[in-house]
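Colleague: I am sharing model-v1.cif, which consists of mmCIF, C-alpha atoms:
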data_upload
#
loop_
_atom_site.label_atom_id
_atom_site.label_comp_id
_atom_site.auth_asym_id
_atom_site.auth_seq_id
_atom_site.Cartn_x
_atom_site.Cartn_y
_atom_site.Cartn_z
CA MET A 1 143.71 91.38 -200.98
CA SER A 2 147.23 92.54 -201.21
CA SER A 3 149.11 93.62 -198.14
CA ILE A 4 150.74 96.46 -200.02
CA LYS A 5 149.32 99.86 -200.78
CA ILE A 6 151.17 102.06 -203.23
CA ARG A 7 150.46 105.74 -203.76
CA THR A 8 152.27 107.90 -206.24
CA LYS A 9 152.22 111.62 -206.72
CA ARG A 10 154.04 113.63 -209.34
CA LEU A 11 155.69 116.80 -208.08
CA ASP A 12 157.76 119.06 -210.38
CA GLY A 13 159.12 116.29 -212.58
CA LYS A 14 159.67 114.00 -209.64
CA THR A 15 157.49 111.22 -208.42
CA GLN A 16 156.87 110.51 -204.79
CA ILE A 17 156.31 106.84 -204.09
CA ARG A 18 154.64 105.99 -200.82
CA ILE A 19 154.33 102.41 -199.68
CA LEU A 20 152.27 101.05 -196.83
CA ILE A 21 152.46 97.38 -195.97
CA ALA A 22 150.26 95.50 -193.54
CA HIS A 23 152.65 93.36 -191.53
CA PRO A 24 153.08 92.64 -187.80
CA MET A 25 156.88 93.30 -187.83
CA GLU A 26 157.48 91.34 -184.63
CA ASN A 27 161.12 91.50 -183.59
CA GLY A 28 160.99 88.39 -181.41
CA ARG A 29 161.44 90.28 -178.14
CA ASN A 30 157.87 91.15 -177.26
CA LYS A 31 155.76 89.03 -174.96
CA ASP A 32 152.11 88.22 -175.39
CA LYS A 33 150.34 90.28 -172.73
CA GLN A 34 147.85 87.51 -171.90
CA THR A 35 150.00 84.39 -171.91
CA GLY A 36 153.40 85.91 -171.18
CA GLU A 37 154.95 83.91 -173.99
CA VAL A 38 157.45 85.45 -176.34
CA ILE A 39 155.96 86.23 -179.73
CA PRO A 40 158.25 84.72 -182.37
CA ALA A 41 160.04 87.06 -184.73
CA HIS A 42 158.09 87.86 -187.87
CA PHE A 43 159.32 90.77 -189.89
CA ILE A 44 159.98 91.84 -193.45
CA LYS A 45 163.58 91.21 -194.45
CA GLU A 46 163.72 92.49 -197.97
CA LEU A 47 161.79 95.14 -199.78
CA THR A 48 162.35 95.85 -203.45
CA VAL A 49 160.81 98.45 -205.70
CA LYS A 50 160.90 98.32 -209.46
CA HIS A 51 160.12 101.11 -211.90
CA ASN A 52 159.20 99.68 -215.33
CA ASP A 53 161.03 96.44 -214.47
CA ASN A 54 164.23 98.23 -213.36
CA PHE A 55 165.22 97.84 -209.74
CA ILE A 56 165.28 101.26 -208.14
CA ILE A 57 165.29 100.35 -204.47
CA SER A 58 166.39 97.26 -202.68
CA SER A 59 166.47 97.34 -198.95
CA ASP A 60 167.33 95.09 -196.05
CA LEU A 61 165.15 95.63 -193.04
CA GLY A 62 165.22 94.50 -189.44
CA GLY A 63 162.62 93.98 -186.76
CA SER A 64 163.01 97.56 -185.61
CA ILE A 65 160.89 98.90 -188.42
CA SER A 66 157.46 99.79 -187.06
CA LYS A 67 154.43 97.57 -187.38
CA ASP A 68 152.60 98.13 -190.68
CA PRO A 69 155.69 99.72 -192.20
CA TYR A 70 155.51 102.89 -194.23
CA PHE A 71 158.17 104.07 -196.65
CA ALA A 72 158.42 107.03 -198.95
CA PHE A 73 160.90 107.56 -201.76
CA LEU A 74 161.35 110.20 -204.40
CA LEU A 75 161.93 109.13 -207.99
CA ASN A 76 163.56 111.47 -210.47
CA GLY A 77 161.25 111.59 -213.45
CA GLY A 78 158.48 109.10 -213.88
CA ALA A 79 155.65 109.53 -216.32
CA GLU A 80 151.98 108.84 -216.16
CA GLY A 81 151.29 105.15 -216.67
CA ASP A 82 154.75 103.98 -215.59
CA LYS A 83 154.64 100.82 -213.57
CA ILE A 84 155.81 100.71 -209.96
CA GLN A 85 156.17 97.22 -208.56
CA VAL A 86 156.78 96.58 -204.87
CA SER A 87 157.59 93.23 -203.35
CA TRP A 88 158.65 92.04 -199.94
CA GLU A 89 159.86 88.87 -198.31
CA ASP A 90 159.73 88.19 -194.58
CA ASN A 91 161.81 85.97 -192.33
CA LEU A 92 159.25 83.16 -192.55
CA GLY A 93 159.53 83.08 -196.32
CA ASN A 94 156.20 84.76 -197.05
CA THR A 95 156.20 87.13 -199.98
CA ASP A 96 153.84 89.58 -201.57
CA THR A 97 153.96 91.76 -204.65
CA ALA A 98 151.83 94.62 -205.81
CA GLU A 99 151.88 96.83 -208.85
CA ALA A 100 150.57 100.31 -209.46
CA SER A 101 150.77 102.84 -212.25
CA ILE A 102 151.97 106.37 -211.70
CA VAL A 103 149.03 108.74 -211.91
CA MET B 1 179.84 57.27 -235.06
CA ASN B 2 176.64 58.91 -236.11
CA CYS B 3 174.98 57.89 -232.88
CA ASN B 4 177.84 59.24 -230.83
CA ARG B 5 177.75 62.47 -232.65
CA ARG B 6 174.02 62.78 -231.99
CA THR B 7 174.35 62.16 -228.25
CA PHE B 8 177.27 64.55 -228.11
CA ILE B 9 175.20 67.28 -229.70
CA GLN B 10 172.29 66.59 -227.40
CA GLN B 11 174.50 66.75 -224.34
CA ALA B 12 176.12 69.93 -225.54
CA LEU B 13 172.71 71.50 -226.06
CA VAL B 14 171.55 70.51 -222.57
CA ALA B 15 174.76 71.81 -221.02
CA GLY B 16 174.39 75.06 -222.92
CA LEU B 17 170.84 75.46 -221.74
CA GLN B 18 171.80 74.81 -218.15
CA THR B 19 174.58 77.36 -218.13
CA GLY B 20 172.14 79.77 -219.73
CA ILE B 21 169.65 79.24 -216.93
CA PHE B 22 172.23 79.43 -214.16
CA GLY B 23 173.88 82.43 -215.73
CA GLY B 24 170.50 84.10 -215.90
CA SER B 25 169.68 83.47 -212.28
CA LEU B 26 173.11 84.75 -211.23
CA LEU B 27 172.49 87.95 -213.13
CA ALA B 28 169.05 88.24 -211.59
CA THR B 29 170.42 88.03 -208.06
CA GLN B 30 173.01 90.63 -208.91
CA THR B 31 170.40 93.08 -210.07
CA ALA B 32 168.18 92.30 -207.10
CA GLN B 33 171.11 93.29 -204.86
CA ALA B 34 169.18 92.77 -201.64
CA THR B 35 170.98 89.96 -199.95
CA TRP B 36 169.72 89.96 -196.43
CA LEU B 37 172.45 89.02 -194.02
CA ALA B 38 171.63 87.93 -190.49
CA GLU B 39 174.98 89.34 -189.33
CA ASP B 40 173.86 92.85 -190.28
CA PHE B 41 170.98 92.52 -187.87
CA THR B 42 172.76 90.77 -185.01
CA PRO B 43 171.88 92.21 -181.63
CA GLY B 44 174.85 93.97 -180.12
CA PRO B 45 176.49 97.34 -179.73
CA LEU B 46 176.39 99.81 -182.60
CA SER B 47 180.16 99.74 -182.98
CA ALA B 48 180.09 96.01 -183.79
CA THR B 49 177.39 96.49 -186.44
CA LEU B 50 179.25 99.41 -188.00
CA LYS B 51 182.47 97.45 -188.04
CA HIS B 52 180.76 94.54 -189.75
CA LEU B 53 178.98 96.70 -192.31
CA TYR B 54 181.64 99.23 -193.16
CA ASN B 55 184.80 97.46 -192.06
CA ASP B 56 186.22 100.35 -190.02
CA ALA B 57 186.05 102.79 -192.93
CA ALA B 58 186.18 106.44 -191.91
CA ILE B 59 182.75 108.02 -191.52
CA THR B 60 182.71 111.79 -191.87
CA GLN B 61 180.11 113.83 -190.11
CA SER B 62 178.24 115.87 -192.67
CA GLU B 63 176.04 118.94 -192.57
CA ALA B 64 174.66 117.92 -195.94
CA ILE B 65 172.50 115.23 -194.41
CA THR B 66 169.18 116.32 -192.99
CA LEU B 67 167.36 114.17 -190.49
CA LYS B 68 163.74 114.94 -189.97
CA LEU B 69 162.47 113.25 -186.87
CA PRO B 70 160.84 114.35 -183.63
CA ARG B 71 162.99 115.46 -180.69
CA ILE B 72 160.53 113.83 -178.34
CA ALA B 73 158.69 110.70 -179.42
CA GLU B 74 155.66 109.95 -177.32
CA ASN B 75 155.45 106.43 -178.64
CA GLY B 76 158.68 104.62 -179.34
CA ALA B 77 156.85 102.03 -181.46
CA VAL B 78 156.30 104.51 -184.26
CA VAL B 79 158.94 107.15 -184.83
CA PRO B 80 158.70 108.78 -188.25
CA ILE B 81 162.04 109.54 -189.85
CA THR B 82 163.07 111.17 -193.10
CA VAL B 83 166.67 111.17 -194.22
CA SER B 84 167.58 113.49 -197.06
CA THR B 85 170.87 114.78 -198.34
CA THR B 86 172.36 117.14 -200.85
CA LEU B 87 175.35 114.86 -201.38
CA ALA B 88 175.80 113.66 -204.96
CA LYS B 89 175.62 110.10 -206.25
CA VAL B 90 174.12 108.53 -203.18
CA SER B 91 174.02 104.76 -203.47
CA ASP B 92 173.04 103.70 -199.99
CA ILE B 93 171.22 105.09 -196.96
CA ALA B 94 171.21 103.22 -193.67
CA ILE B 95 169.34 104.05 -190.47
CA PHE B 96 170.59 103.03 -187.03
CA VAL B 97 169.21 103.47 -183.54
CA THR B 98 172.17 103.50 -181.17
CA LYS B 99 170.53 101.92 -178.15
CA ASN B 100 168.19 99.44 -179.82
CA PRO B 101 169.06 95.80 -179.15
CA THR B 102 169.60 95.49 -182.92
CA PRO B 103 171.08 98.83 -183.96
CA LEU B 104 170.45 98.58 -187.70
CA SER B 105 166.88 99.44 -188.63
CA GLY B 106 167.09 99.41 -192.36
CA LYS B 107 169.49 99.72 -195.23
CA PHE B 108 168.27 101.12 -198.53
CA LYS B 109 170.14 100.72 -201.81
CA LEU B 110 169.01 103.44 -204.16
CA SER B 111 169.46 103.50 -207.90
CA PRO B 112 170.77 106.69 -209.54
CA ASP B 113 167.19 107.43 -210.67
CA LEU B 114 166.17 108.20 -207.13
CA GLU B 115 166.50 111.38 -205.18
CA PRO B 116 168.43 110.70 -201.95
CA VAL B 117 165.37 110.85 -199.75
CA VAL B 118 164.07 108.00 -197.61
CA SER B 119 161.17 108.09 -195.20
CA ALA B 120 160.25 105.29 -192.85
CA ARG B 121 158.83 104.61 -189.43
CA ILE B 122 161.06 102.96 -186.88
CA LYS B 123 160.81 101.51 -183.40
CA MET B 124 162.93 102.78 -180.54
CA ALA B 125 163.45 100.88 -177.31
CA GLU B 126 164.52 103.92 -175.30
CA THR B 127 165.82 107.46 -175.56
CA SER B 128 168.72 107.21 -177.95
CA GLU B 129 170.59 108.73 -180.81
CA VAL B 130 169.36 108.00 -184.30
CA LEU B 131 172.15 107.75 -186.82
CA ALA B 132 171.94 107.90 -190.59
CA ILE B 133 174.85 106.81 -192.73
CA VAL B 134 174.90 107.83 -196.36
CA THR B 135 177.22 106.32 -198.95
CA SER B 136 178.10 108.88 -201.59
CA GLU B 137 180.67 108.11 -204.29
CA GLY B 138 182.03 105.30 -202.13
CA LYS B 139 182.59 107.55 -199.13
CA LEU B 140 180.64 107.41 -195.89
CA TYR B 141 178.92 110.33 -194.25
CA LYS B 142 176.85 110.42 -191.09
CA ALA B 143 174.45 112.57 -189.16
CA PHE B 144 172.66 111.93 -185.92
CA GLN B 145 170.05 113.33 -183.65
CA GLU B 146 168.86 112.37 -180.21
CA VAL B 147 165.25 111.37 -179.76
CA LYS B 148 163.66 111.24 -176.32
CA VAL B 149 161.27 108.35 -175.98
CA THR B 150 158.63 108.46 -173.29
CA ILE B 151 157.16 104.98 -173.97
CA GLY B 152 159.52 102.31 -175.27
CA GLY B 153 158.61 100.51 -178.45
CA CYS B 154 160.38 97.24 -178.00
CA GLY B 155 159.46 96.23 -174.46
CA GLY B 156 155.78 95.44 -175.07
#
Using the file provided, produce a representation of the structure as C-alpha coordinates.

Modeller:
Amino acid sequence: MSSIKIRTKRLDGKTQIRILIAHPMENGRNKDKQTGEVIPAHFIKELTVKHNDNFIISSDLGGSISKDPYFAFLLNGGAEGDKIQVSWEDNLGNTDTAEASIV
Amino acid sequence: MNCNRRTFIQQALVAGLQTGIFGGSLLATQTAQATWLAEDFTPGPLSATLKHLYNDAAITQSEAITLKLPRIAENGAVVPITVSTTLAKVSDIAIFVTKNPTPLSGKFKLSPDLEPVVSARIKMAETSEVLAIVTSEGKLYKAFQEVKVTIGGCGG
(Lines of atoms letter the chains of each structure in order from A and count residues from 1; the text may use other names and numbers.)
(Lines give C-alpha, C1' and ligand atoms only; values in the text may rest on other atoms or scores of the structure.)
Protein backbone atom coordinates (compact mmCIF):
# COMPACT_ATOMS: atom_id res chain seq x y z
CA MET A 1 0.00 0.00 0.00
CA SER A 2 1.58 3.16 -1.15
CA SER A 3 1.65 6.20 1.07
CA ILE A 4 0.97 8.47 -1.88
CA LYS A 5 -2.33 9.27 -3.49
CA ILE A 6 -2.31 11.12 -6.78
CA ARG A 7 -5.37 12.67 -8.38
CA THR A 8 -5.35 14.45 -11.68
CA LYS A 9 -7.99 16.52 -13.35
CA ARG A 10 -7.83 18.18 -16.73
CA LEU A 11 -9.18 21.72 -16.87
CA ASP A 12 -9.06 23.81 -20.07
CA GLY A 13 -5.83 22.36 -21.41
CA LYS A 14 -4.23 22.34 -18.00
CA THR A 15 -3.88 19.50 -15.61
CA GLN A 16 -4.31 19.84 -11.91
CA ILE A 17 -2.15 17.43 -9.95
CA ARG A 18 -3.13 16.81 -6.37
CA ILE A 19 -0.92 14.79 -4.08
CA LEU A 20 -1.75 13.44 -0.65
CA ILE A 21 0.91 11.62 1.33
CA ALA A 22 0.42 9.71 4.55
CA HIS A 23 3.29 10.80 6.76
CA PRO A 24 3.57 11.92 10.40
CA MET A 25 5.68 15.04 9.57
CA GLU A 26 7.05 15.35 13.10
CA ASN A 27 9.25 18.41 13.45
CA GLY A 28 11.09 17.15 16.53
CA ARG A 29 9.57 19.72 18.88
CA ASN A 30 6.40 17.99 19.97
CA LYS A 31 6.16 15.95 23.13
CA ASP A 32 4.33 12.70 23.57
CA LYS A 33 1.27 13.58 25.64
CA GLN A 34 1.45 10.37 27.71
CA THR A 35 5.16 10.01 28.40
CA GLY A 36 6.28 13.63 28.05
CA GLU A 37 9.16 12.58 25.86
CA VAL A 38 10.09 14.52 22.77
CA ILE A 39 8.99 12.79 19.58
CA PRO A 40 12.01 12.62 17.27
CA ALA A 41 11.88 14.55 14.02
CA HIS A 42 10.43 12.58 11.14
CA PHE A 43 9.45 14.56 8.10
CA ILE A 44 9.64 14.49 4.33
CA LYS A 45 12.68 16.35 3.06
CA GLU A 46 12.35 16.05 -0.66
CA LEU A 47 9.39 15.67 -2.93
CA THR A 48 9.79 15.28 -6.66
CA VAL A 49 7.19 15.00 -9.38
CA LYS A 50 7.87 13.72 -12.86
CA HIS A 51 5.68 14.05 -15.93
CA ASN A 52 6.58 11.37 -18.50
CA ASP A 53 10.03 10.99 -16.92
CA ASN A 54 10.76 14.75 -16.96
CA PHE A 55 11.19 16.44 -13.62
CA ILE A 56 8.54 19.10 -13.28
CA ILE A 57 8.68 19.78 -9.55
CA SER A 58 11.40 19.29 -7.04
CA SER A 59 10.87 20.66 -3.60
CA ASP A 60 12.66 20.87 -0.30
CA LEU A 61 10.36 20.65 2.67
CA GLY A 62 10.71 21.22 6.38
CA GLY A 63 8.94 19.94 9.45
CA SER A 64 6.46 22.79 9.28
CA ILE A 65 4.45 21.14 6.54
CA SER A 66 1.29 19.67 8.05
CA LYS A 67 0.88 16.04 8.96
CA ASP A 68 -0.30 13.95 5.99
CA PRO A 69 0.87 16.64 3.56
CA TYR A 70 -1.24 17.76 0.66
CA PHE A 71 0.05 19.57 -2.40
CA ALA A 72 -1.59 20.79 -5.56
CA PHE A 73 0.12 21.94 -8.73
CA LEU A 74 -1.10 22.99 -12.14
CA LEU A 75 0.58 21.56 -15.21
CA ASN A 76 0.35 23.31 -18.55
CA GLY A 77 -0.89 20.73 -21.00
CA GLY A 78 -0.90 17.08 -20.16
CA ALA A 79 -2.79 14.49 -22.13
CA GLU A 80 -4.81 11.48 -21.18
CA GLY A 81 -2.54 8.57 -20.33
CA ASP A 82 0.50 10.71 -19.47
CA LYS A 83 2.40 9.37 -16.53
CA ILE A 84 2.77 11.35 -13.32
CA GLN A 85 5.32 9.96 -10.92
CA VAL A 86 5.67 11.25 -7.37
CA SER A 87 8.43 10.29 -4.97
CA TRP A 88 9.52 11.48 -1.57
CA GLU A 89 12.39 10.96 0.81
CA ASP A 90 12.26 11.71 4.53
CA ASN A 91 14.95 12.60 7.04
CA LEU A 92 15.26 8.97 8.16
CA GLY A 93 16.05 7.86 4.63
CA ASN A 94 12.68 6.25 3.91
CA THR A 95 11.39 6.71 0.39
CA ASP A 96 8.26 5.98 -1.53
CA THR A 97 7.20 6.35 -5.13
CA ALA A 98 3.86 6.18 -6.83
CA GLU A 99 2.74 6.55 -10.39
CA ALA A 100 -0.57 7.53 -11.90
CA SER A 101 -1.86 8.28 -15.37
CA ILE A 102 -3.67 11.47 -16.21
CA VAL A 103 -7.34 10.73 -16.74
CA MET B 1 53.95 -6.32 -26.07
CA ASN B 2 50.75 -7.96 -27.09
CA CYS B 3 49.89 -8.70 -23.50
CA ASN B 4 50.57 -5.13 -22.47
CA ARG B 5 48.44 -3.83 -25.22
CA ARG B 6 45.59 -6.10 -24.13
CA THR B 7 45.73 -4.99 -20.50
CA PHE B 8 45.97 -1.39 -21.61
CA ILE B 9 42.82 -1.74 -23.67
CA GLN B 10 41.02 -3.47 -20.85
CA GLN B 11 41.97 -0.77 -18.39
CA ALA B 12 40.95 1.93 -20.81
CA LEU B 13 37.58 0.27 -21.28
CA VAL B 14 37.01 0.00 -17.52
CA ALA B 15 38.03 3.62 -17.01
CA GLY B 16 35.70 4.70 -19.80
CA LEU B 17 32.84 2.79 -18.28
CA GLN B 18 33.45 4.29 -14.87
CA THR B 19 33.49 7.85 -16.13
CA GLY B 20 30.33 7.02 -18.03
CA ILE B 21 28.63 5.86 -14.87
CA PHE B 22 29.84 8.75 -12.75
CA GLY B 23 29.03 11.25 -15.46
CA GLY B 24 25.55 9.78 -15.65
CA SER B 25 24.93 10.02 -11.93
CA LEU B 26 26.19 13.62 -11.91
CA LEU B 27 23.74 14.49 -14.65
CA ALA B 28 20.97 12.71 -12.77
CA THR B 29 21.55 14.75 -9.63
CA GLN B 30 21.56 17.91 -11.68
CA THR B 31 18.18 17.14 -13.16
CA ALA B 32 16.82 16.07 -9.80
CA GLN B 33 17.77 19.53 -8.49
CA ALA B 34 16.38 18.91 -5.02
CA THR B 35 19.38 19.05 -2.80
CA TRP B 36 18.02 19.33 0.67
CA LEU B 37 20.22 21.53 2.80
CA ALA B 38 19.94 21.46 6.58
CA GLU B 39 21.03 25.12 6.67
CA ASP B 40 17.88 26.13 4.80
CA PHE B 41 15.82 24.67 7.60
CA THR B 42 17.89 25.84 10.56
CA PRO B 43 15.76 27.22 13.38
CA GLY B 44 16.30 30.94 13.74
CA PRO B 45 14.93 34.30 12.74
CA LEU B 46 13.49 34.77 9.26
CA SER B 47 16.15 37.31 8.35
CA ALA B 48 18.91 34.72 8.83
CA THR B 49 17.11 32.18 6.62
CA LEU B 50 16.49 34.77 3.92
CA LYS B 51 20.09 35.86 4.03
CA HIS B 52 21.27 32.30 3.67
CA LEU B 53 18.87 31.47 0.85
CA TYR B 54 18.97 34.64 -1.19
CA ASN B 55 22.24 36.20 -0.08
CA ASP B 56 20.82 39.66 0.65
CA ALA B 57 19.37 40.06 -2.84
CA ALA B 58 16.69 42.72 -3.11
CA ILE B 59 13.16 41.35 -2.74
CA THR B 60 10.47 43.50 -4.31
CA GLN B 61 6.99 43.47 -2.94
CA SER B 62 4.61 42.51 -5.70
CA GLU B 63 0.89 42.84 -6.28
CA ALA B 64 1.16 40.09 -8.88
CA ILE B 65 1.43 37.42 -6.22
CA THR B 66 -1.81 36.18 -4.75
CA LEU B 67 -1.86 34.40 -1.42
CA LYS B 68 -4.95 32.45 -0.63
CA LEU B 69 -5.03 31.54 3.01
CA PRO B 70 -7.39 32.13 5.91
CA ARG B 71 -7.15 35.34 7.95
CA ILE B 72 -7.98 33.37 11.06
CA ALA B 73 -6.83 29.78 11.37
CA GLU B 74 -8.63 27.85 14.05
CA ASN B 75 -6.06 25.11 14.01
CA GLY B 76 -2.46 26.09 13.45
CA ALA B 77 -1.54 22.48 12.62
CA VAL B 78 -3.30 22.66 9.28
CA VAL B 79 -3.33 25.98 7.47
CA PRO B 80 -4.17 25.65 3.78
CA ILE B 81 -2.22 27.97 1.53
CA THR B 82 -2.25 28.61 -2.20
CA VAL B 83 0.37 30.82 -3.80
CA SER B 84 -0.29 31.93 -7.35
CA THR B 85 1.19 34.66 -9.48
CA THR B 86 0.87 36.32 -12.83
CA LEU B 87 4.62 36.90 -13.03
CA ALA B 88 6.30 35.28 -16.03
CA LYS B 89 8.93 32.55 -16.04
CA VAL B 90 8.60 31.55 -12.43
CA SER B 91 11.28 29.08 -11.43
CA ASP B 92 10.89 28.90 -7.70
CA ILE B 93 8.23 29.46 -5.05
CA ALA B 94 9.09 29.42 -1.36
CA ILE B 95 6.78 29.66 1.63
CA PHE B 96 7.86 31.09 4.97
CA VAL B 97 6.12 31.53 8.29
CA THR B 98 7.76 34.47 10.03
CA LYS B 99 7.36 33.35 13.62
CA ASN B 100 7.79 29.59 13.25
CA PRO B 101 10.92 28.23 14.93
CA THR B 102 12.04 27.16 11.45
CA PRO B 103 10.79 29.91 9.14
CA LEU B 104 11.07 28.04 5.84
CA SER B 105 8.15 25.70 5.25
CA GLY B 106 8.86 24.57 1.74
CA LYS B 107 10.67 25.53 -1.40
CA PHE B 108 9.31 24.40 -4.74
CA LYS B 109 11.32 24.39 -7.95
CA LEU B 110 8.93 24.45 -10.86
CA SER B 111 9.73 23.55 -14.44
CA PRO B 112 8.55 25.89 -17.22
CA ASP B 113 5.76 23.39 -17.96
CA LEU B 114 4.00 24.32 -14.76
CA GLU B 115 1.66 27.15 -14.05
CA PRO B 116 3.00 29.20 -11.12
CA VAL B 117 0.50 27.84 -8.64
CA VAL B 118 1.37 25.88 -5.51
CA SER B 119 -1.01 24.66 -2.84
CA ALA B 120 0.05 23.08 0.41
CA ARG B 121 -0.91 22.80 4.04
CA ILE B 122 1.42 24.25 6.61
CA LYS B 123 1.81 24.35 10.38
CA MET B 124 1.92 27.62 12.28
CA ALA B 125 3.18 27.91 15.84
CA GLU B 126 1.43 31.21 16.54
CA THR B 127 -0.20 34.22 14.93
CA SER B 128 2.29 35.34 12.34
CA GLU B 129 2.87 36.65 8.88
CA VAL B 130 3.06 34.15 6.07
CA LEU B 131 5.49 35.15 3.37
CA ALA B 132 5.78 33.82 -0.16
CA ILE B 133 8.85 34.54 -2.24
CA VAL B 134 8.66 33.98 -5.97
CA THR B 135 11.69 33.85 -8.24
CA SER B 136 10.82 35.15 -11.68
CA GLU B 137 13.50 35.62 -14.34
CA GLY B 138 16.14 35.60 -11.61
CA LYS B 139 14.47 38.39 -9.65
CA LEU B 140 12.79 37.99 -6.28
CA TYR B 141 9.29 39.09 -5.46
CA LYS B 142 7.37 38.73 -2.22
CA ALA B 143 3.91 38.96 -0.76
CA PHE B 144 2.70 38.37 2.75
CA GLN B 145 -0.40 38.11 4.80
CA GLU B 146 -1.01 37.83 8.51
CA VAL B 147 -2.80 34.77 9.82
CA LYS B 148 -4.29 34.71 13.31
CA VAL B 149 -3.87 31.35 14.95
CA THR B 150 -6.12 30.43 17.82
CA ILE B 151 -4.52 27.03 18.57
CA GLY B 152 -0.80 26.65 17.88
CA GLY B 153 0.32 23.83 15.65
CA CYS B 154 3.82 23.26 16.88
CA GLY B 155 3.42 23.17 20.65
CA GLY B 156 1.58 19.84 20.91

Colleague: Measuring atom to atom with only C-alpha atoms, identify which of B:Ala58, B:Ile122, B:Leu67, B:Val147 is nearest to chain A.

Modeller: B:Ile122

Colleague: Using all atoms listed in the file, I'd like every residue of chain A that has an atom within 7 Å of chain B; please write them out as a list of chain:residue names.

Modeller: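 Here they are: A:Asn30, A:Lys31, A:Lys45, A:Glu46, A:Phe55, A:Ile56, A:Ile57, A:Ser58, A:Ser59, A:Asp60, A:Leu61, A:Gly62, A:Ser64, A:Ile65, A:Ser66, A:Pro69, A:Tyr70, A:Phe71, A:Ala72, A:Phe73, A:Leu74, A:Leu75, A:Asn76.
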
Colleague: Using all atoms listed in the file, list the residues that have an atom at most 6 Å from (156.3, 93.3, -200.4), coordinates as in the file, as a list in words.

Modeller: Leu47, Val86, Ser87, Trp88, Asp96 and Thr97 of chain A

Colleague: As an exercise, work out the distance from atom CA of B:Ala132 to atom CA of A:Phe43 in Å and give it to one decimal place.

Modeller: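 Between these atoms lies a distance of 21.3 Å.
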
Colleague: Can you tell me how far atom CA of B:Ser136 sits from atom CA of B:Thr98, in Å to one decimal?

Modeller: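 Computing it gives 21.9 Å between the two atoms.
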
Colleague: Would you write out, as a list in words, every residue that the PyMOL selection byres ((chain A and resi 7) around 7) captures in this file?

Modeller: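 Selected by the PyMOL selection byres ((chain A and resi 7) around 7) here: Lys5, Ile6, Thr8, Lys9, Ile17, Arg18 and Ile19 of chain A.
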
Colleague: For the residues in that selection, give me C-alpha atoms as a PDB file, keeping the file's coordinate frame.

Modeller:
ATOM      1  CA  LYS A   5     149.320  99.860-200.780  1.00  0.00           C
ATOM      2  CA  ILE A   6     151.170 102.060-203.230  1.00  0.00           C
ATOM      3  CA  THR A   8     152.270 107.900-206.240  1.00  0.00           C
ATOM      4  CA  LYS A   9     152.220 111.620-206.720  1.00  0.00           C
ATOM      5  CA  ILE A  17     156.310 106.840-204.090  1.00  0.00           C
ATOM      6  CA  ARG A  18     154.640 105.990-200.820  1.00  0.00           C
ATOM      7  CA  ILE A  19     154.330 102.410-199.680  1.00  0.00           C
TER       8      ILE A  19
END

Colleague: Could you check how far atom CA of A:Thr15 sits from atom CA of A:Asn94, in Å to one decimal?

Modeller: 28.8 Å

Colleague: A:Ser3: which residues within 9 Å, counting only C-alpha atoms, same-chain residues fewer than 5 positions away excluded, as a ChimeraX atom specification?

Modeller: /A:20-23,96-98

Colleague: Identify the residues around (156.9, 88.7, -195.0) within a radius of 7 Å, measuring from only C-alpha atoms in the coordinates stated by the file, and give them as a PDB file with C-alpha atoms, keeping the file's coordinate frame.

Modeller:
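This is the output file result17.pdb:
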ATOM      1  CA  PHE A  43     159.320  90.770-189.890  1.00  0.00           C
ATOM      2  CA  ILE A  44     159.980  91.840-193.450  1.00  0.00           C
ATOM      3  CA  TRP A  88     158.650  92.040-199.940  1.00  0.00           C
ATOM      4  CA  GLU A  89     159.860  88.870-198.310  1.00  0.00           C
ATOM      5  CA  ASP A  90     159.730  88.190-194.580  1.00  0.00           C
ATOM      6  CA  ASN A  91     161.810  85.970-192.330  1.00  0.00           C
ATOM      7  CA  LEU A  92     159.250  83.160-192.550  1.00  0.00           C
ATOM      8  CA  GLY A  93     159.530  83.080-196.320  1.00  0.00           C
ATOM      9  CA  ASN A  94     156.200  84.760-197.050  1.00  0.00           C
ATOM     10  CA  THR A  95     156.200  87.130-199.980  1.00  0.00           C
TER      11      THR A  95
END

Colleague: On this structure, which residues satisfy the PyMOL selection byres ((chain B and resi 151) around 6), written as a list of chain:residue names?

Modeller: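 What the PyMOL selection byres ((chain B and resi 151) around 6) grabs from the file is B:Asn75, B:Gly76, B:Val149, B:Thr150, B:Gly152.
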
Colleague: Might I get the box with edges along x, y and z of the file that holds all atoms of stretch 82-93 of chain A listed there, padded by 6 Å on every side, given as centre and edge lengths in Å to one decimal, as JSON?

Modeller:
{"center_x": 158.2, "center_y": 93.5, "center_z": -204.0, "size_x": 19.2, "size_y": 32.9, "size_z": 35.3}

Colleague: Contacts of A:Gly28 at 7 Å or less, counting only C-alpha atoms, minus same-chain residues fewer than 2 places along, as a list in words?

Modeller: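 The contact residues come out as Glu26, Asn30, Val38, Ile39, Pro40 and Ala41 of chain A.
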
Colleague: Determine the residue membership of the PyMOL selection byres ((chain A and resi 10) around 9) for the file above and supply it as number ranges by chain.

Modeller: A: 8-9, 11-17, 77-80, 102-103
